[in-house]
6 protein chains.
Amino acid sequence: MLIHVVNPNSTAAMTARIAAAARRVAGAGVTVRADNPPDGPAAIEGPYDGALAVPGLLRCLAAAAEAGADAHVIACFDDTGLDAARALCRGPVVGIGEAAFHLASLVAERFSVVTTLSRSVPTIEANLMRYGLAARTGRVRASEVPVLDLEAPGSAARRRVSDEIARALAEDRVGAVVLGCAGMADFVDEMSAAHGVPIVDGVAAAVALAEALVRLRLATSKTGGWASPHERTACPIDAAP
Amino acid sequence: MLIHVVNPNSTAAMTARIAAAARRVAGAGVTVRADNPPDGPAAIEGPYDGALAVPGLLRCLAAAAEAGADAHVIACFDDTGLDAARALCRGPVVGIGEAAFHLASLVAERFSVVTTLSRSVPTIEANLMRYGLAARTGRVRASEVPVLDLEAPGSAARRRVSDEIARALAEDRVGAVVLGCAGMADFVDEMSAAHGVPIVDGVAAAVALAEALVRLRLATSKTGGWASPHERTACPIDAAP
Amino acid sequence: MLIHVVNPNSTAAMTARIAAAARRVAGAGVTVRADNPPDGPAAIEGPYDGALAVPGLLRCLAAAAEAGADAHVIACFDDTGLDAARALCRGPVVGIGEAAFHLASLVAERFSVVTTLSRSVPTIEANLMRYGLAARTGRVRASEVPVLDLEAPGSAARRRVSDEIARALAEDRVGAVVLGCAGMADFVDEMSAAHGVPIVDGVAAAVALAEALVRLRLATSKTGGWASPHERTACPIDAAP
Amino acid sequence: MLIHVVNPNSTAAMTARIAAAARRVAGAGVTVRADNPPDGPAAIEGPYDGALAVPGLLRCLAAAAEAGADAHVIACFDDTGLDAARALCRGPVVGIGEAAFHLASLVAERFSVVTTLSRSVPTIEANLMRYGLAARTGRVRASEVPVLDLEAPGSAARRRVSDEIARALAEDRVGAVVLGCAGMADFVDEMSAAHGVPIVDGVAAAVALAEALVRLRLATSKTGGWASPHERTACPIDAAP
Amino acid sequence: MLIHVVNPNSTAAMTARIAAAARRVAGAGVTVRADNPPDGPAAIEGPYDGALAVPGLLRCLAAAAEAGADAHVIACFDDTGLDAARALCRGPVVGIGEAAFHLASLVAERFSVVTTLSRSVPTIEANLMRYGLAARTGRVRASEVPVLDLEAPGSAARRRVSDEIARALAEDRVGAVVLGCAGMADFVDEMSAAHGVPIVDGVAAAVALAEALVRLRLATSKTGGWASPHERTACPIDAAP
Amino acid sequence: MLIHVVNPNSTAAMTARIAAAARRVAGAGVTVRADNPPDGPAAIEGPYDGALAVPGLLRCLAAAAEAGADAHVIACFDDTGLDAARALCRGPVVGIGEAAFHLASLVAERFSVVTTLSRSVPTIEANLMRYGLAARTGRVRASEVPVLDLEAPGSAARRRVSDEIARALAEDRVGAVVLGCAGMADFVDEMSAAHGVPIVDGVAAAVALAEALVRLRLATSKTGGWASPHERTACPIDAAP
């Protein structure tokens, strides 16, 4: 089984760390192939970055589908471009945000989210409402750590994320915390050990769910908004937007 | 006052009709300037088309803001790219979908929407939920008229839209109907006369609301998801995505 | 275009200030005529005052409609008597509460309300739920300034309202604040300058929306609860309740 | 214990029938005293009638409280003036609409409502949403029987109400039906026998709940919107609105 | 009229106190008979205890129905086994949790709940959501007093419950507080006097509501989930689960 | 990895079919062990059967945990006893109902459920509301096929389930259908082929999710209602309720 993990930002170092996290959880017989668009935003912080990242994301998805991917994971916690991706692809597509929310709701009555910047919070809140899981959420919290600082060795990123997790557990009446950025995938073991409650990383969650969907032969229903695009706009590989 | 109306699809004939509808409702002293991206999808039918249209839309917005627009109207009923646009622009930005929903809720306890294709329905439903106005909605209905057929002289488009409005009034317990596509702006008088209830066109609604916001000196709150983009991704005019 | 603004309380000095605020925002060619019932509560603070104010309010509306008003604004933030008014009048009727909520939701992801007394809070909260916009609201806050103190020169009213706005911005995760009383219409410029986010006054918002509805020829749907009253109860001018 | 039942319309024959229904269910030691305002709307059909009925209703409540009533029942299914009444009175006040909804939700997972005219439906729906019980409701249905026809001997009223109950049971997936008008209090036995599911009359429900509240010494919390009116507007008996 | 009150835990001393509270509120002509299962959990603290208590509870209900009970009260604030009980019994069944919520919502715009341990909070919250009354709730609070400590003379239980009520009134913007455990039935007068707002005890509320339902001849609708059990599982008296 | 699948009813033939379905989807290195309580209801049809099945279910769970199970699946679509199970067990516990809902929401914007009898519908609807996924649901439909008829060779069960799926797709505006009973696990391939949209079986879904949780080292948060039981009620193996 080939699972394609696409990091919609253009920071290759982050893609490498995401790929490693994905491979740690993938089952026997599962190949993970990860990529990112060559250009576009270096990090997705808010809806403006998100919108600009989507065309490159769709080109990666189309190429991977062509190359035989059985399923796709969108490794941005905003689930950027998820509806467009489901319209484009035949195989299942899983966003790391939604994946983390669904798994968190199986191990905790309520959960909070700790993400990077305040400007990402409304998108995540809107996603939770649309997915139906806002009712299971305590609060979406910003650690105010920029995405790319998560990459920087020696930054205070881990401590600030950990502090925000502690505040969530103290104030939000939740039983688990979701890490709200693909760049935090490395933190999950350390945070689990430190806080003693389930800490959910979306990259691992999405890979596991994508694998599950393939095994169950469940692919995206090509109905409603996820119907295949018209011929005239179907090929984002050649026709740059 | 200069109001910029951007049609995010690349069909110039549709832009011309939208501009005419906008001018019919604009107040004294208001100049309407309308444009569309030179390329991108010819019509926005579903989230895939929508995603590909956004970079071009943002370039139009940036150029118009540079040229002194006081407010912007996004003339696609899906309110495509609205969050990104509000992050980018200083002046207020109004989507024609949201505009129609807000005005409809001032003249009817509940309203239905009649749009083009089924593939657009989930996006509109998700918007209604996010805006908070799903509770005021009867049903979002597809007439199954493709967007570009609305442009075609002699098509059955008007009759099919009218038939769907009739079904909405018979079945949905609503007091008004919103026309769910910028391409239907011309239909509003005919449909109002035919059905005897308020029929709301989003283009007119959005222009009136944009003018109201400017007059009240209310601009987008640059907080949360609408904070101005970082320098690195701020200029979509030059840096093609 | 003639827009009738009715202050449902009997304090003429407040009516004069409301009229001035309305005229500041009215477009070219719009005449604003403001009145209030000669008797009834001097201020509307809670549902009991509101209920006693409605018959006088309806008499003002009937007289203004007879005199050719194109639209009506109810200048009490509780939107007192709005359903009865829409049943009575042919032209559109806009409450200042709903008007402020709708415009605020175009410029902020979420907004809070700062009103006068605690006893007004539940009515405003119930309205927000009914309009569907509770999901966009942070919190409805009382400044504990009585309505008529807003009229008193030298009172601490402005400072207390400003302090409550500051608390809303610090605690409620909102991007805008709505002024929750017609008597605060004068505060909007000062508060906008002081707090740096959109501050929305309902009187201006309602006049702008009423003008927009008239321009779009959108009048109240006379269906459901807004159907015209039966003959036997139709004329509140002569038949005092 | 003295329970005051006020019919807010001015039709004395209807008051008599309501009083009889109330007495049938009152416990040992409970006196029921029923009245109605001498003037005002002959029937309450929609929010306009409702608004005009409230001042007279409040005068009846004030007089009964003065005369020692332990609790009050508002015998209009719209729960007309309920917030104002709770602000005015010291003893508990129960609306027949809310009473019926609460008891119905103890005997059925979901229930529908059969009321008189379509123009009453939105008020009832708004009440259900505010009370929180909309989630337990199938549908609020109009039988299109005018209120005063319920009084007319030989009318088709009973048959039409019964037919609408049958439709509710066939289509709404509900286990009980609430009779949506005080004038239907007489129908409850006949409808229960005919349809084999719980049929709930609000008059009986409200009297039983008022008695329960008095016995438990639970009176209205004089907080928020139900705080006692200011002196200046406190006495509706003398100061006609 | 015979009202059966079943305490689903096996602590007979608690049953005696519950019976006394029930009798204090029962009307003339009402006999209260109280029992508890001879074995099973000594207290119900969380869903695990709740699940183990249900078979014994059902045996008590079946025996009381056989013995002619007109109605049943389940005297555990979690409303343990309520759906199963309604399927089993012909007469109405009222849980003390739901009873308290319904009566509280007649005397306060919003109420909070003060229960025993944190582990009971999610069950109560889930019930409030299902009943539809979550919208009327401030917060469900744990006093962290174990159930059986409520029985212990000289314990700090009353003070801790009272302190938590004070916090609810200070922080939750509510007008009443519900006592969230059958073992708190004795506290209601003291707490009412101390806090000056309605304090609602579920045991008294449920007995009053059960009596009301019998008087109105309203029994459980035997539809949907409350349909009578199949023969094969119908008799829990003999067939121990 | 050892996954324990417990069928909470006592029909061993059904357990065998469930085990086979579970094994078809389990990954390499996963052992599935299935059991059922030796007594208790032969099928779970409605909340009464469900309540009686829980003690036996808990004994199975305790024994399997003792025997080293890494995760547990409750193979009743009502997710019977799920909260109690999560309190009892250290490893993750997944209900087949919730599992199916979560996976369905990854492949369809909205889905319907086709279950056995009407008496099971309210429990499923209440679960969907509690999980937060009611917003994603079209309708929960009963095929009126009793659970044990699903086992009977030559019954009309498959045809009736298929007919109800067809009605769901025609009427509910959904893109997928969930099979609402563990006894339908065998139908999934046939129904998928027949209807051309994703058909989701909860047994397979739950096994895949349980495996995912173990691989991600996510176990139940022992907070709130899922805190471990007190010593006094902790061992359901010996202390039969």
# chains A, B, ... in the order shown; residues from 1 in each chain; ligands from 1

$ closest_atom_pairs --of "chain E" --to "chain F" --cutoff "8 Å" --atoms "only C-alpha atoms" --output "Markdown table"
| residue | atom | partner | partner_atom | distance |
| --- | --- | --- | --- | --- |
| E:Asp39 | CA | F:Pro241 | CA | 7.2 |
| E:Gly40 | CA | F:Pro241 | CA | 5.4 |
| E:Pro41 | CA | F:Thr233 | CA | 6.3 |
| E:Gly46 | CA | F:Gly225 | CA | 5.5 |
| E:Pro47 | CA | F:Ala84 | CA | 5.1 |
| E:Tyr48 | CA | F:Ala84 | CA | 4.1 |
| E:Asp49 | CA | F:Thr233 | CA | 6.9 |
| E:Gly50 | CA | F:Ala84 | CA | 8.0 |
| E:Ala51 | CA | F:Ala84 | CA | 6.5 |
| E:Leu52 | CA | F:Pro241 | CA | 5.9 |
| E:Ala53 | CA | F:Pro241 | CA | 7.3 |
| E:Val54 | CA | F:Ala51 | CA | 6.6 |
| E:Pro55 | CA | F:Leu52 | CA | 6.1 |
| E:Gly56 | CA | F:Pro241 | CA | 7.6 |
| E:Gly81 | CA | F:Ala51 | CA | 7.1 |
| E:Asp83 | CA | F:Pro47 | CA | 5.9 |
| E:Ala84 | CA | F:Tyr48 | CA | 4.0 |
| E:Ala85 | CA | F:Tyr48 | CA | 7.3 |
| E:Ala87 | CA | F:Tyr48 | CA | 6.3 |
| E:Leu88 | CA | F:Tyr48 | CA | 7.2 |
| E:Ser118 | CA | F:Gly224 | CA | 5.6 |
| E:Arg119 | CA | F:Gly225 | CA | 4.2 |
| E:Ser120 | CA | F:Gly225 | CA | 5.9 |
| E:Val121 | CA | F:Gly224 | CA | 6.9 |
| E:Pro122 | CA | F:Gly225 | CA | 5.7 |
| E:Thr123 | CA | F:Gly225 | CA | 6.9 |
| E:Ala126 | CA | F:Arg130 | CA | 6.6 |
| E:Met129 | CA | F:Arg130 | CA | 7.6 |
| E:Arg130 | CA | F:Ala126 | CA | 6.6 |
| E:Thr223 | CA | F:Arg119 | CA | 7.3 |
| E:Gly224 | CA | F:Arg119 | CA | 4.3 |
| E:Gly225 | CA | F:Arg119 | CA | 4.2 |
| E:Trp226 | CA | F:Arg119 | CA | 7.0 |
| E:Ala227 | CA | F:Arg119 | CA | 6.5 |
| E:Pro229 | CA | F:Tyr48 | CA | 6.6 |
| E:Arg232 | CA | F:Pro41 | CA | 7.8 |
| E:Thr233 | CA | F:Pro41 | CA | 6.3 |
| E:Pro241 | CA | F:Gly40 | CA | 5.4 |

$ write_last_selection --atoms "N, CA, C and O atoms" --output "compact mmCIF listing (two decimals), in the first residue's frame"
# COMPACT_ATOMS: atom_id res chain seq x y z
N ASP E 39 -28.55 -5.53 46.55
CA ASP E 39 -27.11 -5.53 46.29
C ASP E 39 -26.80 -4.56 45.16
O ASP E 39 -27.63 -3.75 44.79
N GLY E 40 -25.60 -4.62 44.66
CA GLY E 40 -25.16 -3.65 43.65
C GLY E 40 -24.35 -2.56 44.32
O GLY E 40 -24.09 -2.62 45.52
N PRO E 41 -23.95 -1.55 43.57
CA PRO E 41 -23.06 -0.51 44.12
C PRO E 41 -23.69 0.22 45.31
O PRO E 41 -24.89 0.53 45.30
N GLY E 46 -20.27 7.78 38.73
CA GLY E 46 -19.75 7.57 37.39
C GLY E 46 -20.48 6.46 36.66
O GLY E 46 -21.26 5.71 37.26
N PRO E 47 -20.22 6.33 35.36
CA PRO E 47 -20.99 5.41 34.52
C PRO E 47 -20.77 3.93 34.83
O PRO E 47 -21.66 3.11 34.54
N TYR E 48 -19.62 3.59 35.39
CA TYR E 48 -19.39 2.18 35.70
C TYR E 48 -20.34 1.72 36.82
O TYR E 48 -21.05 0.72 36.69
N ASP E 49 -20.37 2.47 37.89
CA ASP E 49 -21.33 2.16 38.95
C ASP E 49 -22.75 2.16 38.41
O ASP E 49 -23.57 1.29 38.73
N GLY E 50 -23.03 3.14 37.58
CA GLY E 50 -24.38 3.26 37.02
C GLY E 50 -24.79 2.01 36.27
O GLY E 50 -25.89 1.47 36.46
N ALA E 51 -23.90 1.52 35.40
CA ALA E 51 -24.23 0.35 34.60
C ALA E 51 -24.50 -0.87 35.47
O ALA E 51 -25.43 -1.65 35.21
N LEU E 52 -23.71 -1.03 36.53
CA LEU E 52 -23.90 -2.20 37.40
C LEU E 52 -25.17 -2.09 38.22
O LEU E 52 -25.70 -3.11 38.70
N ALA E 53 -25.67 -0.88 38.42
CA ALA E 53 -26.87 -0.71 39.24
C ALA E 53 -28.16 -1.00 38.49
O ALA E 53 -29.20 -1.26 39.10
N VAL E 54 -28.11 -0.97 37.17
CA VAL E 54 -29.35 -1.00 36.41
C VAL E 54 -30.15 -2.30 36.55
O VAL E 54 -31.37 -2.24 36.74
N PRO E 55 -29.53 -3.48 36.47
CA PRO E 55 -30.37 -4.68 36.60
C PRO E 55 -31.15 -4.72 37.92
O PRO E 55 -32.36 -5.02 37.92
N GLY E 56 -30.53 -4.38 39.01
CA GLY E 56 -31.24 -4.34 40.29
C GLY E 56 -32.35 -3.29 40.27
O GLY E 56 -33.45 -3.52 40.79
N GLY E 81 -30.43 4.35 33.91
CA GLY E 81 -31.36 3.34 33.43
C GLY E 81 -32.71 3.88 33.00
O GLY E 81 -33.67 3.10 32.86
N ASP E 83 -34.02 5.07 30.17
CA ASP E 83 -34.62 4.54 28.94
C ASP E 83 -35.11 3.10 29.13
O ASP E 83 -36.21 2.75 28.69
N ALA E 84 -34.29 2.28 29.76
CA ALA E 84 -34.70 0.90 30.01
C ALA E 84 -35.94 0.86 30.90
O ALA E 84 -36.86 0.06 30.68
N ALA E 85 -35.99 1.75 31.90
CA ALA E 85 -37.15 1.78 32.80
C ALA E 85 -38.41 2.18 32.06
O ALA E 85 -39.49 1.62 32.28
N ALA E 87 -39.00 1.68 28.94
CA ALA E 87 -39.42 0.55 28.11
C ALA E 87 -40.16 -0.48 28.96
O ALA E 87 -41.16 -1.06 28.53
N LEU E 88 -39.68 -0.69 30.18
CA LEU E 88 -40.24 -1.75 31.03
C LEU E 88 -41.61 -1.40 31.59
O LEU E 88 -42.52 -2.24 31.62
N SER E 118 -16.22 14.73 40.22
CA SER E 118 -15.94 15.04 38.81
C SER E 118 -16.34 13.90 37.88
O SER E 118 -16.73 14.13 36.74
N ARG E 119 -16.21 12.69 38.34
CA ARG E 119 -16.50 11.57 37.45
C ARG E 119 -17.99 11.48 37.09
O ARG E 119 -18.35 10.73 36.18
N SER E 120 -18.84 12.20 37.82
CA SER E 120 -20.25 12.22 37.46
C SER E 120 -20.61 13.33 36.47
O SER E 120 -21.69 13.32 35.89
N VAL E 121 -19.72 14.28 36.32
CA VAL E 121 -20.05 15.45 35.50
C VAL E 121 -20.37 15.11 34.05
O VAL E 121 -21.39 15.57 33.51
N PRO E 122 -19.55 14.28 33.35
CA PRO E 122 -19.87 14.04 31.93
C PRO E 122 -21.23 13.38 31.71
O PRO E 122 -21.91 13.69 30.73
N THR E 123 -21.63 12.48 32.59
CA THR E 123 -22.95 11.86 32.43
C THR E 123 -24.05 12.91 32.54
O THR E 123 -25.00 12.93 31.75
N ALA E 126 -24.05 15.04 29.45
CA ALA E 126 -24.62 14.33 28.30
C ALA E 126 -26.15 14.29 28.43
O ALA E 126 -26.87 14.43 27.44
N MET E 129 -27.59 17.65 27.43
CA MET E 129 -27.60 17.81 25.98
C MET E 129 -28.74 17.00 25.36
O MET E 129 -29.48 17.50 24.52
N ARG E 130 -28.91 15.79 25.81
CA ARG E 130 -29.96 14.96 25.23
C ARG E 130 -31.35 15.51 25.54
O ARG E 130 -32.25 15.48 24.71
N THR E 223 -43.43 4.07 22.14
CA THR E 223 -42.94 4.12 20.76
C THR E 223 -41.42 4.22 20.79
O THR E 223 -40.83 4.55 21.80
N GLY E 224 -40.81 3.96 19.66
CA GLY E 224 -39.36 4.11 19.53
C GLY E 224 -38.63 3.30 20.59
O GLY E 224 -38.94 2.14 20.84
N GLY E 225 -37.66 3.90 21.23
CA GLY E 225 -36.81 3.21 22.19
C GLY E 225 -37.54 2.77 23.45
O GLY E 225 -36.99 2.00 24.24
N TRP E 226 -38.73 3.31 23.65
CA TRP E 226 -39.48 2.98 24.86
C TRP E 226 -40.56 1.93 24.61
O TRP E 226 -41.42 1.68 25.47
N ALA E 227 -40.55 1.33 23.43
CA ALA E 227 -41.46 0.21 23.17
C ALA E 227 -41.23 -0.88 24.21
O ALA E 227 -40.11 -1.09 24.68
N PRO E 229 -40.42 -4.25 26.05
CA PRO E 229 -39.41 -5.25 25.68
C PRO E 229 -40.08 -6.48 25.06
O PRO E 229 -41.25 -6.77 25.29
N ARG E 232 -38.92 -12.32 25.32
CA ARG E 232 -37.74 -13.09 25.73
C ARG E 232 -36.90 -12.38 26.80
O ARG E 232 -36.18 -13.00 27.55
N THR E 233 -36.99 -11.04 26.85
CA THR E 233 -36.19 -10.34 27.86
C THR E 233 -37.08 -9.55 28.82
O THR E 233 -36.60 -8.69 29.56
N PRO E 241 -29.88 -11.01 35.17
CA PRO E 241 -29.07 -10.75 33.98
C PRO E 241 -27.68 -11.36 34.12
O PRO E 241 -27.13 -11.38 35.20

$ residues_around --residues "Arg158 (chain C)" --least-positions-apart "3" --cutoff "10 Å" --atoms "only C-alpha atoms" --output "PDB file with C-alpha atoms, in the first residue's frame"
ATOM      1  CA  SER C 143     -21.648  48.054  31.902  1.00  0.00           C
ATOM      2  CA  VAL C 145     -24.792  52.185  33.364  1.00  0.00           C
ATOM      3  CA  ASP C 149     -27.283  58.118  32.682  1.00  0.00           C
ATOM      4  CA  LEU C 150     -26.012  57.924  29.121  1.00  0.00           C
ATOM      5  CA  GLY C 154     -20.572  64.659  33.219  1.00  0.00           C
ATOM      6  CA  SER C 155     -21.605  61.135  34.134  1.00  0.00           C
ATOM      7  CA  VAL C 161     -18.563  51.657  28.756  1.00  0.00           C
ATOM      8  CA  SER C 162     -14.979  52.042  27.571  1.00  0.00           C
ATOM      9  CA  ASP C 163     -13.693  49.955  30.464  1.00  0.00           C
ATOM     10  CA  GLU C 164     -16.143  47.192  29.619  1.00  0.00           C
ATOM     11  CA  MET C 184     -24.561  55.019  23.054  1.00  0.00           C
ATOM     12  CA  ASP C 186     -22.648  59.169  20.172  1.00  0.00           C
ATOM     13  CA  PHE C 187     -19.839  57.078  21.609  1.00  0.00           C
ATOM     14  CA  GLU C 190     -14.468  57.972  20.582  1.00  0.00           C
ATOM     15  CA  MET C 191     -14.570  54.248  21.299  1.00  0.00           C
TER      16      MET C 191
END

$ residues_around --residues "Ala19 (chain C)" --least-positions-apart "5" --cutoff "9 Å" --atoms "only C-alpha atoms" --output "PyMOL selection string"
chain C and resi 5+14+24+32-35+203

$ select_by_dssp --residues "region 148-239 of chain E" --states "alpha helix (DSSP H)" --output "PyMOL selection string"
chain E and resi 157-171+188-195+202-215

$ atom_distance --atom1 "CA of Gly95 (chain E)" --atom2 "CA of Thr220 (chain D)"
22.8 Å

$ closest_residue --among "D:Ala212, D:His4, D:Gly91, D:Gly97" --to "Ala64 (chain D)" --atoms "only C-alpha atoms"
D:His4

$ residues_around --residues "Pro92 (chain E)" --least-positions-apart "6" --cutoff "12 Å" --atoms "only C-alpha atoms" --output "ChimeraX atom specification"
/D:103-108,198 /E:2-5,61,65,69-74,82-83,85-86,206-207,209-222,226
